[in-house]
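Undergrad: The following file, work-v5.txt, comprises compact mmCIF, C-alpha atoms (C1' of nucleotides):
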# COMPACT_ATOMS: atom_id res chain seq x y z
CA MET A 22 -9.45 -26.29 -15.26
CA THR A 23 -10.68 -22.76 -14.75
CA LYS A 24 -7.53 -20.82 -15.38
CA ARG A 25 -8.56 -17.98 -17.62
CA GLY A 26 -11.81 -17.08 -19.31
CA SER A 27 -13.75 -18.77 -16.54
CA GLY A 28 -14.17 -18.27 -12.85
CA LYS A 29 -15.23 -14.75 -13.54
CA VAL A 30 -18.54 -15.16 -11.79
CA PHE A 31 -16.92 -16.82 -8.83
CA ARG A 32 -14.26 -14.14 -8.62
CA GLN A 33 -16.66 -11.25 -8.85
CA LYS A 34 -18.95 -12.71 -6.24
CA ASN A 35 -16.13 -13.15 -3.80
CA LEU A 36 -14.56 -9.85 -4.68
CA THR A 37 -17.76 -8.12 -3.70
CA ARG A 38 -17.99 -9.86 -0.38
CA TYR A 39 -14.33 -9.45 0.44
CA LEU A 40 -14.54 -5.73 -0.14
CA GLN A 41 -17.63 -5.47 1.98
CA ASN A 42 -15.74 -6.91 4.91
CA ASN A 43 -12.49 -5.15 4.17
CA PRO A 44 -12.67 -1.96 2.09
CA LEU A 45 -8.91 -1.44 2.46
CA LEU A 46 -7.90 -4.04 -0.10
CA LYS A 47 -5.98 -2.62 -3.04
CA ASP A 48 -6.47 -3.78 -6.60
CA GLU A 49 -2.96 -5.12 -6.53
CA GLU A 50 -3.71 -7.21 -3.47
CA LEU A 51 -6.95 -8.50 -4.88
CA ALA A 52 -5.14 -9.44 -8.07
CA GLY A 53 -2.66 -11.43 -6.03
CA MET A 54 -5.43 -13.11 -4.08
CA PHE A 55 -7.27 -14.31 -7.15
CA GLY A 56 -4.22 -14.89 -9.28
CA VAL A 57 -5.26 -12.49 -12.00
CA SER A 58 -3.90 -9.21 -13.29
CA ILE A 59 -4.65 -5.80 -11.89
CA GLN A 60 -6.51 -4.93 -15.06
CA THR A 61 -8.89 -7.77 -14.53
CA ILE A 62 -9.69 -6.59 -11.05
CA ARG A 63 -10.32 -3.10 -12.40
CA LEU A 64 -12.67 -4.46 -15.01
CA ASP A 65 -14.44 -6.35 -12.26
CA ARG A 66 -14.82 -3.30 -10.08
CA SER A 67 -16.00 -1.32 -13.04
CA GLU A 68 -18.62 -3.93 -13.94
CA LEU A 69 -19.71 -4.21 -10.34
CA ASN A 70 -19.69 -0.47 -9.76
CA ILE A 71 -17.28 -0.79 -6.88
CA PRO A 72 -15.38 2.45 -6.36
CA GLU A 73 -11.67 2.75 -5.81
CA LEU A 74 -9.84 2.34 -2.53
CA ARG A 75 -9.92 5.99 -1.44
CA GLU A 76 -13.63 6.28 -2.07
CA ARG A 77 -14.30 3.06 -0.21
CA MET A 78 -12.36 4.35 2.75
CA LYS A 79 -14.26 7.58 2.77
CA THR A 80 -17.67 5.99 2.71
CA ALA A 81 -16.58 3.44 5.28
CA LEU A 82 -15.51 6.29 7.54
CA GLN A 83 -18.61 8.31 7.00
CA THR A 84 -21.02 5.46 7.61
CA ASN A 85 -18.97 5.26 10.80
CA ASN A 86 -19.41 1.57 10.56
CA SER A 87 -16.40 0.43 12.58
CA VAL A 88 -15.56 -2.05 9.91
CA ARG A 89 -14.36 -4.81 12.16
CA SER A 90 -17.19 -5.07 14.59
CA LEU A 91 -16.87 -8.82 14.69
CA GLY A 92 -14.57 -9.66 17.57
CA SER A 93 -11.96 -10.26 14.99
CA ASP A 94 -8.91 -9.12 16.89
CA GLU A 95 -8.78 -12.74 17.93
CA LEU A 96 -7.99 -13.52 14.35
CA VAL A 97 -4.59 -13.63 12.74
CA GLY A 98 -5.08 -11.99 9.36
CA ASP A 99 -8.00 -10.00 8.05
CA LEU A 100 -11.41 -11.53 7.83
CA LEU A 101 -12.72 -11.48 4.28
CA ASP A 102 -15.84 -13.54 4.64
CA ILE A 103 -17.50 -15.63 7.27
CA LYS A 104 -20.58 -17.64 7.90
CA VAL A 105 -20.36 -18.80 11.46
CA GLY A 106 -21.05 -22.48 11.72
CA SER A 107 -20.12 -23.03 8.12
CA PHE A 108 -17.01 -21.43 6.68
CA GLY A 109 -14.65 -18.47 6.78
CA VAL A 110 -12.04 -16.77 4.64
CA SER A 111 -9.14 -14.67 5.84
CA LEU A 112 -6.21 -12.87 4.32
CA LEU A 113 -2.70 -12.65 5.68
CA LYS A 114 -0.12 -10.48 3.99
CA ILE A 115 3.35 -11.82 4.54
CA THR A 116 5.72 -9.16 5.82
CA PRO A 117 9.49 -9.53 5.97
CA GLU A 118 9.26 -10.01 9.73
CA MET A 119 7.35 -13.24 9.17
CA THR A 120 10.09 -14.72 7.07
CA LEU A 121 13.46 -16.28 7.63
CA ARG A 122 16.04 -13.63 6.90
CA LYS A 123 18.11 -16.07 4.94
CA ASN A 124 15.70 -16.76 2.16
CA GLN A 125 12.58 -14.69 2.77
CA VAL A 126 10.42 -17.78 3.18
CA ALA A 127 7.57 -17.40 5.63
CA ARG A 128 7.88 -19.38 8.80
CA GLY A 129 5.36 -22.12 9.21
CA HIS A 130 3.79 -20.97 12.41
CA HIS A 131 2.45 -17.79 10.86
CA LEU A 132 0.53 -19.77 8.30
CA PHE A 133 -0.53 -22.09 11.06
CA ALA A 134 -1.72 -19.23 13.22
CA GLN A 135 -3.86 -17.86 10.43
CA ALA A 136 -5.40 -21.26 9.80
CA ASN A 137 -5.88 -22.11 13.46
CA SER A 138 -7.48 -18.84 14.43
CA LEU A 139 -9.82 -19.01 11.46
CA ALA A 140 -10.79 -22.59 12.20
CA VAL A 141 -11.70 -21.52 15.71
CA ALA A 142 -13.49 -18.38 14.58
CA ILE A 143 -16.06 -20.15 12.43
CA ILE A 144 -17.26 -22.31 15.27
CA ASP A 145 -20.53 -21.10 16.69
CA ALA A 146 -19.61 -21.10 20.35
CA GLU A 147 -18.18 -18.88 23.02
CA ILE A 148 -15.13 -20.90 23.85
CA VAL A 149 -13.33 -23.08 21.36
CA LEU A 150 -10.02 -24.86 21.68
CA THR A 151 -7.83 -26.66 19.26
CA GLY A 152 -7.39 -30.37 19.84
CA ASP A 153 -5.74 -32.51 17.20
CA ILE A 154 -4.43 -31.16 13.99
CA ARG A 155 -2.90 -32.51 10.86
CA VAL A 156 -1.28 -29.95 8.64
CA ARG A 157 0.72 -30.13 5.49
CA PHE A 158 2.82 -27.23 4.27
CA LYS A 159 2.77 -27.77 0.55
CA HIS A 160 4.58 -24.80 -0.86
CA GLN A 161 6.89 -22.02 0.21
CA VAL A 162 5.42 -18.64 0.92
CA LYS A 163 7.52 -15.55 0.31
CA SER A 164 7.55 -12.06 1.68
CA GLY A 165 4.85 -9.99 0.04
CA ASP A 166 2.64 -12.98 -0.71
CA LEU A 167 -1.03 -12.71 0.05
CA VAL A 168 -2.24 -15.84 1.74
CA VAL A 169 -5.94 -16.51 1.49
CA CYS A 170 -7.10 -19.09 3.98
CA ARG A 171 -10.41 -20.86 3.72
CA ALA A 172 -11.79 -22.94 6.57
CA GLU A 173 -14.88 -25.09 6.33
CA ILE A 174 -16.67 -27.13 8.91
CA GLY A 175 -16.79 -30.84 8.24
CA SER A 176 -18.36 -33.28 10.62
CA GLN A 177 -19.68 -32.28 14.02
CA LYS A 178 -20.21 -34.77 16.83
CA GLY A 179 -21.00 -33.52 20.29
CA ASN A 180 -18.49 -30.88 21.25
CA ARG A 181 -16.02 -32.14 18.69
CA THR A 182 -15.87 -30.46 15.31
CA THR A 183 -13.72 -31.16 12.28
CA VAL A 184 -12.58 -28.18 10.26
CA ARG A 185 -10.90 -28.46 6.89
CA VAL A 186 -8.51 -25.67 6.03
CA ILE A 187 -6.80 -24.68 2.80
CA SER A 188 -4.49 -21.72 2.32
CA GLN A 189 -3.57 -20.45 -1.10
CA VAL A 190 -1.40 -17.84 -2.72
CA GLY A 191 -3.16 -17.19 -5.98
CA GLU A 192 -3.87 -20.62 -7.41
CA THR A 193 -1.17 -22.34 -5.42
CA VAL A 194 -2.13 -24.34 -2.36
CA VAL A 195 0.41 -23.58 0.34
CA LEU A 196 -1.17 -25.22 3.35
CA GLU A 197 -3.73 -27.93 3.84
CA GLY A 198 -4.96 -29.25 7.10
CA ILE A 199 -7.58 -30.69 9.33
CA PHE A 200 -8.29 -29.26 12.73
CA ILE A 201 -10.25 -31.04 15.39
CA VAL A 202 -11.58 -28.37 17.71
CA PHE A 203 -13.57 -28.60 20.88
CA VAL A 204 -16.33 -26.45 22.22
CA LEU A 205 -15.97 -25.81 25.91
CA GLU A 206 -19.09 -25.85 27.96
CA GLU A 207 -19.83 -22.92 30.21
CA GLU A 208 -20.17 -25.04 33.36
CA GLU A 209 -16.47 -24.78 33.97
CA ASN A 210 -13.96 -26.02 36.38
CA GLN A 211 -12.45 -23.25 38.48
CA MET B 20 -0.35 42.08 12.71
CA THR B 21 0.11 38.37 12.55
CA LYS B 22 0.15 37.75 8.83
CA ARG B 23 3.28 35.73 8.22
CA GLY B 24 5.95 34.57 10.61
CA SER B 25 3.48 34.64 13.42
CA GLY B 26 0.38 32.69 14.32
CA LYS B 27 2.27 29.49 13.83
CA VAL B 28 1.51 28.23 17.28
CA PHE B 29 -2.13 29.13 16.90
CA ARG B 30 -2.35 27.46 13.52
CA GLN B 31 -0.67 24.26 14.60
CA LYS B 32 -2.83 23.96 17.67
CA ASN B 33 -5.97 24.31 15.63
CA LEU B 34 -4.66 22.15 12.83
CA THR B 35 -4.24 19.34 15.30
CA ARG B 36 -7.74 19.70 16.62
CA TYR B 37 -9.31 20.02 13.23
CA LEU B 38 -7.71 16.83 12.05
CA GLN B 39 -8.73 14.99 15.16
CA ASN B 40 -12.32 15.79 14.44
CA ASN B 41 -12.07 15.37 10.71
CA PRO B 42 -9.26 13.21 9.34
CA LEU B 43 -10.52 13.75 5.80
CA LEU B 44 -9.22 17.29 5.40
CA LYS B 45 -6.68 17.66 2.62
CA ASP B 46 -3.58 19.83 2.87
CA GLU B 47 -5.04 22.04 0.18
CA GLU B 48 -8.20 22.55 2.19
CA LEU B 49 -6.31 23.24 5.38
CA ALA B 50 -4.16 25.75 3.55
CA GLY B 51 -7.28 27.54 2.44
CA MET B 52 -8.72 27.48 5.93
CA PHE B 53 -5.66 29.11 7.48
CA GLY B 54 -4.77 31.30 4.54
CA VAL B 55 -1.30 29.83 4.11
CA SER B 56 0.35 27.78 1.42
CA ILE B 57 0.19 24.02 1.07
CA GLN B 58 3.87 23.79 1.91
CA THR B 59 3.30 25.48 5.24
CA ILE B 60 0.66 22.93 6.12
CA ARG B 61 3.03 20.16 5.17
CA LEU B 62 5.73 21.59 7.36
CA ASP B 63 3.20 21.78 10.16
CA ARG B 64 2.16 18.17 9.76
CA SER B 65 5.75 17.15 9.59
CA GLU B 66 6.58 19.01 12.80
CA LEU B 67 3.51 17.65 14.52
CA ASN B 68 4.03 14.13 13.22
CA ILE B 69 0.63 14.09 11.63
CA PRO B 70 0.49 11.60 8.78
CA GLU B 71 -1.02 12.21 5.38
CA LEU B 72 -4.67 11.90 4.46
CA ARG B 73 -4.62 8.26 3.39
CA GLU B 74 -2.83 7.14 6.51
CA ARG B 75 -5.20 9.10 8.69
CA MET B 76 -8.15 7.42 7.06
CA LYS B 77 -6.62 4.01 7.50
CA THR B 78 -5.93 4.43 11.17
CA ALA B 79 -9.34 5.95 11.70
CA LEU B 80 -10.85 2.84 10.17
CA GLN B 81 -8.67 0.41 12.00
CA THR B 82 -9.02 1.66 15.53
CA ASN B 83 -10.53 -1.59 16.72
CA ASN B 84 -8.48 -3.84 14.51
CA SER B 85 -5.49 -4.89 16.52
CA VAL B 86 -4.11 -7.96 14.87
CA ARG B 87 -2.31 -10.03 17.39
CA SER B 88 0.93 -11.17 15.92
CA LEU B 89 3.46 -13.71 16.93
CA GLY B 90 6.97 -12.77 17.88
CA SER B 91 9.30 -12.19 15.00
CA ASP B 92 12.41 -13.61 16.58
CA GLU B 93 13.75 -16.76 15.15
CA LEU B 94 12.75 -18.69 18.22
CA VAL B 95 9.48 -18.37 20.02
CA GLY B 96 10.30 -18.75 23.69
CA ASP B 97 13.64 -18.75 25.49
CA LEU B 98 16.20 -21.37 24.67
CA LEU B 99 17.09 -23.40 27.75
CA ASP B 100 19.28 -26.04 26.20
CA ILE B 101 20.28 -27.18 22.77
CA LYS B 102 22.43 -29.70 21.02
CA VAL B 103 22.12 -28.99 17.36
CA GLY B 104 21.38 -32.15 15.43
CA SER B 105 19.98 -33.83 18.50
CA PHE B 106 17.57 -31.97 20.77
CA GLY B 107 16.53 -28.65 22.24
CA VAL B 108 14.53 -27.25 25.12
CA SER B 109 12.75 -23.92 25.29
CA LEU B 110 10.57 -22.05 27.73
CA LEU B 111 7.56 -19.93 26.93
CA LYS B 112 5.78 -17.91 29.58
CA ILE B 113 2.13 -17.45 28.75
CA THR B 114 1.10 -13.82 28.96
CA PRO B 115 -2.51 -12.63 28.97
CA GLU B 116 -2.12 -11.46 25.38
CA MET B 117 -1.62 -15.04 24.29
CA THR B 118 -4.91 -16.14 25.72
CA LEU B 119 -8.56 -15.88 24.81
CA ARG B 120 -10.08 -13.08 26.82
CA LYS B 121 -13.06 -15.19 27.66
CA ASN B 122 -11.33 -17.87 29.65
CA GLN B 123 -7.62 -17.04 29.78
CA VAL B 124 -6.74 -20.20 27.89
CA ALA B 125 -3.71 -19.90 25.65
CA ARG B 126 -4.45 -19.99 21.98
CA GLY B 127 -3.12 -23.00 20.17
CA HIS B 128 -0.89 -21.26 17.73
CA HIS B 129 1.37 -19.86 20.39
CA LEU B 130 2.15 -23.31 21.64
CA PHE B 131 2.52 -24.41 18.08
CA ALA B 132 4.91 -21.57 17.32
CA GLN B 133 7.11 -22.50 20.24
CA ALA B 134 7.20 -26.13 19.14
CA ASN B 135 7.67 -25.37 15.47
CA SER B 136 10.47 -22.89 15.93
CA LEU B 137 12.28 -25.21 18.28
CA ALA B 138 11.91 -28.17 15.94
CA VAL B 139 13.45 -26.09 13.20
CA ALA B 140 16.18 -24.69 15.42
CA ILE B 141 17.71 -28.03 16.31
CA ILE B 142 18.29 -29.01 12.72
CA ASP B 143 21.88 -28.54 11.68
CA ALA B 144 21.35 -26.57 8.49
CA GLU B 145 21.08 -23.04 7.26
CA ILE B 146 17.59 -23.20 5.89
CA VAL B 147 14.89 -25.43 7.31
CA LEU B 148 11.20 -25.52 6.53
CA THR B 149 8.27 -27.26 8.08
CA GLY B 150 6.55 -29.86 5.95
CA ASP B 151 4.02 -32.16 7.53
CA ILE B 152 2.99 -32.00 11.11
CA ARG B 153 0.80 -33.92 13.45
CA VAL B 154 0.06 -32.19 16.70
CA ARG B 155 -2.17 -32.95 19.63
CA PHE B 156 -3.12 -30.31 22.15
CA LYS B 157 -3.67 -32.38 25.23
CA HIS B 158 -4.37 -29.90 27.94
CA GLN B 159 -5.33 -26.31 28.42
CA VAL B 160 -2.65 -23.78 29.16
CA LYS B 161 -3.47 -20.73 31.22
CA SER B 162 -2.07 -17.28 31.53
CA GLY B 163 1.05 -17.34 33.68
CA ASP B 164 1.89 -20.95 32.88
CA LEU B 165 5.47 -21.80 32.01
CA VAL B 166 5.55 -24.08 29.01
CA VAL B 167 8.68 -26.15 28.60
CA CYS B 168 9.04 -27.58 25.14
CA ARG B 169 11.44 -30.38 24.28
CA ALA B 170 12.21 -31.30 20.72
CA GLU B 171 14.23 -34.32 19.69
CA ILE B 172 15.37 -35.52 16.32
CA GLY B 173 14.05 -38.89 15.27
CA SER B 174 14.80 -40.41 11.91
CA GLN B 175 16.70 -38.56 9.22
CA LYS B 176 16.52 -39.53 5.57
CA GLY B 177 18.05 -37.28 2.98
CA ASN B 178 16.82 -33.76 3.53
CA ARG B 179 13.81 -35.03 5.47
CA THR B 180 13.98 -35.08 9.23
CA THR B 181 11.45 -36.20 11.80
CA VAL B 182 11.31 -34.27 15.03
CA ARG B 183 9.33 -35.34 18.08
CA VAL B 184 8.09 -32.55 20.28
CA ILE B 185 6.56 -32.51 23.73
CA SER B 186 5.50 -29.44 25.68
CA GLN B 187 4.75 -29.58 29.36
CA VAL B 188 3.54 -27.35 32.13
CA GLY B 189 5.07 -28.93 35.18
CA GLU B 190 4.33 -32.61 34.88
CA THR B 191 1.38 -32.13 32.58
CA VAL B 192 1.86 -32.76 28.90
CA VAL B 193 0.05 -29.97 27.04
CA LEU B 194 1.22 -30.59 23.50
CA GLU B 195 2.62 -33.56 21.66
CA GLY B 196 3.58 -33.69 18.06
CA ILE B 197 5.68 -34.86 15.20
CA PHE B 198 7.19 -32.44 12.74
CA ILE B 199 8.58 -33.45 9.40
CA VAL B 200 11.00 -30.73 8.40
CA PHE B 201 13.04 -30.24 5.29
CA VAL B 202 16.49 -28.91 4.78
CA LEU B 203 16.70 -26.62 1.82
CA GLU B 204 19.76 -26.90 -0.34
CA GLU B 205 21.62 -23.73 -1.15
CA GLU B 206 21.40 -24.25 -4.91
CA GLU B 207 17.97 -22.72 -5.10
CA ASN B 208 15.74 -21.43 -7.72
CA GLN B 209 15.49 -17.71 -7.26
C1' DT C 1 -12.56 -22.80 -37.61
C1' DT C 2 -14.24 -18.79 -36.26
C1' DA C 3 -16.81 -15.52 -33.40
C1' DT C 4 -17.12 -13.87 -28.93
C1' DA C 5 -15.85 -13.38 -24.15
C1' DA C 6 -12.22 -12.74 -20.92
C1' DT C 7 -7.91 -11.31 -19.84
C1' DT C 8 -3.65 -8.86 -20.20
C1' DA C 9 -0.51 -5.07 -21.68
C1' DG C 10 0.75 -0.41 -22.18
C1' DG C 11 0.53 4.48 -22.03
C1' DA C 12 -1.16 9.10 -20.90
C1' DC C 13 -2.97 11.34 -17.16
C1' DC C 14 -4.60 12.64 -12.25
C1' DA C 15 -4.77 13.51 -6.96
C1' DG C 16 -2.43 13.85 -3.01
C1' DG C 17 1.10 13.17 -1.29
C1' DT C 18 7.01 12.76 0.19
C1' DA C 19 11.46 14.70 0.16
C1' DC C 20 14.44 17.78 -1.08
C1' DT C 21 16.70 22.52 -2.44
C1' DA C 22 16.43 27.25 -2.78
C1' DA C 23 14.45 31.68 -2.43
C1' DT C 24 11.78 35.04 -0.13
C1' DT C 25 9.61 37.50 3.69
C1' DA C 26 9.01 38.64 8.83
C1' DT C 27 10.61 39.37 13.11
C1' DA C 28 13.96 40.10 16.51
C1' DT C 29 18.67 41.53 18.04
C1' DT C 30 22.55 44.14 18.45
C1' DA D 3 19.83 50.48 10.05
C1' DA D 4 22.06 46.19 9.25
C1' DT D 5 21.82 41.59 10.07
C1' DA D 6 20.84 37.04 12.00
C1' DT D 7 17.19 33.90 12.51
C1' DA D 8 12.57 32.02 12.04
C1' DA D 9 8.75 31.29 9.05
C1' DT D 10 6.94 30.83 4.77
C1' DT D 11 6.72 30.01 -0.07
C1' DA D 12 8.28 28.07 -4.62
C1' DG D 13 9.67 24.54 -7.43
C1' DT D 14 11.16 20.09 -8.83
C1' DA D 15 11.60 15.01 -9.06
C1' DC D 16 9.38 11.08 -7.55
C1' DC D 17 5.70 7.86 -5.47
C1' DT D 18 1.12 5.21 -5.02
C1' DG D 19 -3.18 3.96 -6.50
C1' DG D 20 -5.90 4.95 -9.26
C1' DT D 21 -8.94 6.45 -14.29
C1' DC D 22 -9.53 5.98 -19.06
C1' DC D 23 -8.29 4.59 -23.25
C1' DT D 24 -6.50 1.43 -27.18
C1' DA D 25 -4.76 -2.76 -28.69
C1' DA D 26 -3.21 -7.39 -28.37
C1' DT D 27 -3.59 -11.95 -26.67
C1' DT D 28 -5.83 -16.11 -24.84
C1' DA D 29 -10.00 -19.12 -23.75
C1' DT D 30 -14.32 -20.86 -24.60
C1' DA D 31 -18.31 -21.74 -27.24
C1' DA D 32 -20.84 -22.14 -31.70
Could you spell out this file's structure in structure tokens?
TA:
Amino acid sequence: MTKRGSGKVFRQKNLTRYLQNNPLLKDEELAGMFGVSIQTIRLDRSELNIPELRERMKTALQTNNSVRSLGSDELVGDLLDIKVGSFGVSLLKITPEMTLRKNQVARGHHLFAQANSLAVAIIDAEIVLTGDIRVRFKHQVKSGDLVVCRAEIGSQKGNRTTVRVISQVGETVVLEGIFIVFVLEEEENQ
Amino acid sequence: MTKRGSGKVFRQKNLTRYLQNNPLLKDEELAGMFGVSIQTIRLDRSELNIPELRERMKTALQTNNSVRSLGSDELVGDLLDIKVGSFGVSLLKITPEMTLRKNQVARGHHLFAQANSLAVAIIDAEIVLTGDIRVRFKHQVKSGDLVVCRAEIGSQKGNRTTVRVISQVGETVVLEGIFIVFVLEEEENQ
DNA sequence: TTATAATTAGGACCAGGTACTAATTATATT
DNA sequence: AATATAATTAGTACCTGGTCCTAATTATAA
């Protein structure tokens, strides 16, 4: 069940793509996202010839590439990977403000917002709205957790699209859901 | 002849401009450029509220990355009425920031956040978490709309409570849902 | 069962800082 | 000229996010 010793290829592939979209990720954060140790991430970077954070920032600045050129301010969390019309991955780091003071557990609507905005973002259309949803919060999320959300398009009929969403902290699934979203036509009332 | 104790104003003015054009300059480099010590540069930055190298790089990279976050208060919206253990009513005024720029339609997760936080608020317990939900977004909500959300407790079995939620703009139902929420006991694993 | 691959642990070290205390030097004031 | 004040420099302890290295542990395949 792919705990250790495996998943290396998968991890390295995703690591590469994540860092392409977001050079600001620290080793520690990446370790949290994949549920491995910092050392493993460093081995990965070393094998893949991916430089450290500060170097990545520098080159990102110098190539003046305005990292987030995708209209991603609509998104809650940071976009790690996306293939519009197919799937998307985003990262949300849980800050203390997102949690209940009493027990530091993240409040559901933050996780929901990440999932919802990602589900909408992967649809290949100008205007997309959420219709029905079915969401299950499966596990508590604490302050400091790194929530990786993956959304994938399921069926598509007319302007109605089904998106499956799973959010994880390391190996643990914390949210699972199905979003039915609608593409709005440009004709438009008012 | 302006060696020490003078030229401070001049130096700070130029320091500011240099860093605006090139955020990558290190304190050590700046010290060399002005012929002063590193400590002097650090005092300057401190007085001018100029952050350190890494922070400057980050902000330079993130200029177009404004992540829209949800309110961090316990309740999203204003509480209009509540009877803990029974029902609650809240009001959320839709501001332009809550909408998609393209069509001024409110994004689903804001409505969800209002509903979710209200559903949790009416439970008579210290710590409440969202479990399963089933939500239907029935109608578009526009900027300026006043969304009134009403949550009502349904069945209650053990630590598991069902809450029915309806949000309306005027007479129009815009959101309908059922939230299964859980009361957390105080015993608690870490 | 054993060899090999993958992962984890730990420590010494580095750059570029923060934050603080104290000393020194310049400039102005009386 | 003596002194108060502003500016600068020195030095230390500590921090983050790394590198680079060695060694141990765990997983997977032969």
Undergrad: May I have the residues within 9 Å of range 189-197 of chain A as a tab-separated table (two decimals) with C-alpha atoms, in the coordinates of the input, using all atoms listed in the file and disregarding those fewer than 6 positions away in the same chain?
TA:
chain	number	residue	atom	x	y	z
A	24	LYS	CA	-7.53	-20.82	-15.38
A	52	ALA	CA	-5.14	-9.44	-8.07
A	53	GLY	CA	-2.66	-11.43	-6.03
A	54	MET	CA	-5.43	-13.11	-4.08
A	55	PHE	CA	-7.27	-14.31	-7.15
A	56	GLY	CA	-4.22	-14.89	-9.28
A	57	VAL	CA	-5.26	-12.49	-12.00
A	132	LEU	CA	0.53	-19.77	8.30
A	133	PHE	CA	-0.53	-22.09	11.06
A	136	ALA	CA	-5.40	-21.26	9.80
A	155	ARG	CA	-2.90	-32.51	10.86
A	156	VAL	CA	-1.28	-29.95	8.64
A	157	ARG	CA	0.72	-30.13	5.49
A	158	PHE	CA	2.82	-27.23	4.27
A	159	LYS	CA	2.77	-27.77	0.55
A	160	HIS	CA	4.58	-24.80	-0.86
A	161	GLN	CA	6.89	-22.02	0.21
A	162	VAL	CA	5.42	-18.64	0.92
A	166	ASP	CA	2.64	-12.98	-0.71
A	167	LEU	CA	-1.03	-12.71	0.05
A	168	VAL	CA	-2.24	-15.84	1.74
A	169	VAL	CA	-5.94	-16.51	1.49
A	170	CYS	CA	-7.10	-19.09	3.98
A	171	ARG	CA	-10.41	-20.86	3.72
Undergrad: Tell me the residues of chain D close to chain B, meaning within 9 Å using all atoms listed in the file, as number ranges by chain.
TA: D: 8-12
Undergrad: Which distance in Å separates CA of Arg122 in chain A and CA of Val147 in chain B, to one decimal?
TA: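 We find that CA of Arg122 in chain A and CA of Val147 in chain B lie 11.9 Å from each other.
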Undergrad: Provide the CA of Glu171 in chain B to CA of Lys163 in chain A distance in Å, to one decimal place.
TA: 27.8 Å
Undergrad: Nearest to chain B among A:Pro72, A:Gly175, A:Pro44, A:Gly165, with distances taken over all atoms listed in the file: which residue is it?
TA: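 Using all atoms listed in the file, the shortest distance to chain B belongs to A:Pro44.
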Undergrad: Calculate how many Å separate CA of Lys102 in chain B from CA of Asp151 in chain B, rounding to one decimal.
TA: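 Distance between the two atoms: 23.0 Å.
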Undergrad: Name the residues in contact with DA26 in chain D at a cut-off of 12 Å, using only C-alpha atoms (C1' of nucleotides), excluding same-chain residues fewer than 6 positions from it; report them as a PyMOL selection string.
TA: chain C and resi 7-10
Undergrad: Could you turn the residues from that selection into a file that holds C-alpha atoms (C1' of nucleotides), as a PDB file, in the coordinates of the input?
TA:
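Printed below is part_4.pdb as written:
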ATOM      1  C1'  DT C   7      -7.910 -11.310 -19.840  1.00  0.00           C
ATOM      2  C1'  DT C   8      -3.650  -8.860 -20.200  1.00  0.00           C
ATOM      3  C1'  DA C   9      -0.510  -5.070 -21.680  1.00  0.00           C
ATOM      4  C1'  DG C  10       0.750  -0.410 -22.180  1.00  0.00           C
TER       5       DG C  10
END
Undergrad: Give me the residues within 10 Å of range 14-29 of chain C as a PyMOL selection string, counting all atoms listed in the file and dropping any in the same chain fewer than 2 places off.
TA: (chain B and resi 21-25+45-47+61+71-73) or (chain C and resi 12) or (chain D and resi 5-21)
Undergrad: May I have the residues of chain A within 8 Å of chain B, counting all atoms listed in the file, written as a VMD selection string?
TA: chain A and resid 45 75 78 to 79 81 to 82 87 to 90 93 to 98 118 to 119 121 123 to 124 128 to 131 133 to 134 137 to 138 147 to 148 150 to 159
Undergrad: I'd like to know which of B:Ser65, B:Asn41, B:Ser174, B:Thr181 is closest to chain C, using all atoms listed in the file.
TA: B:Ser65
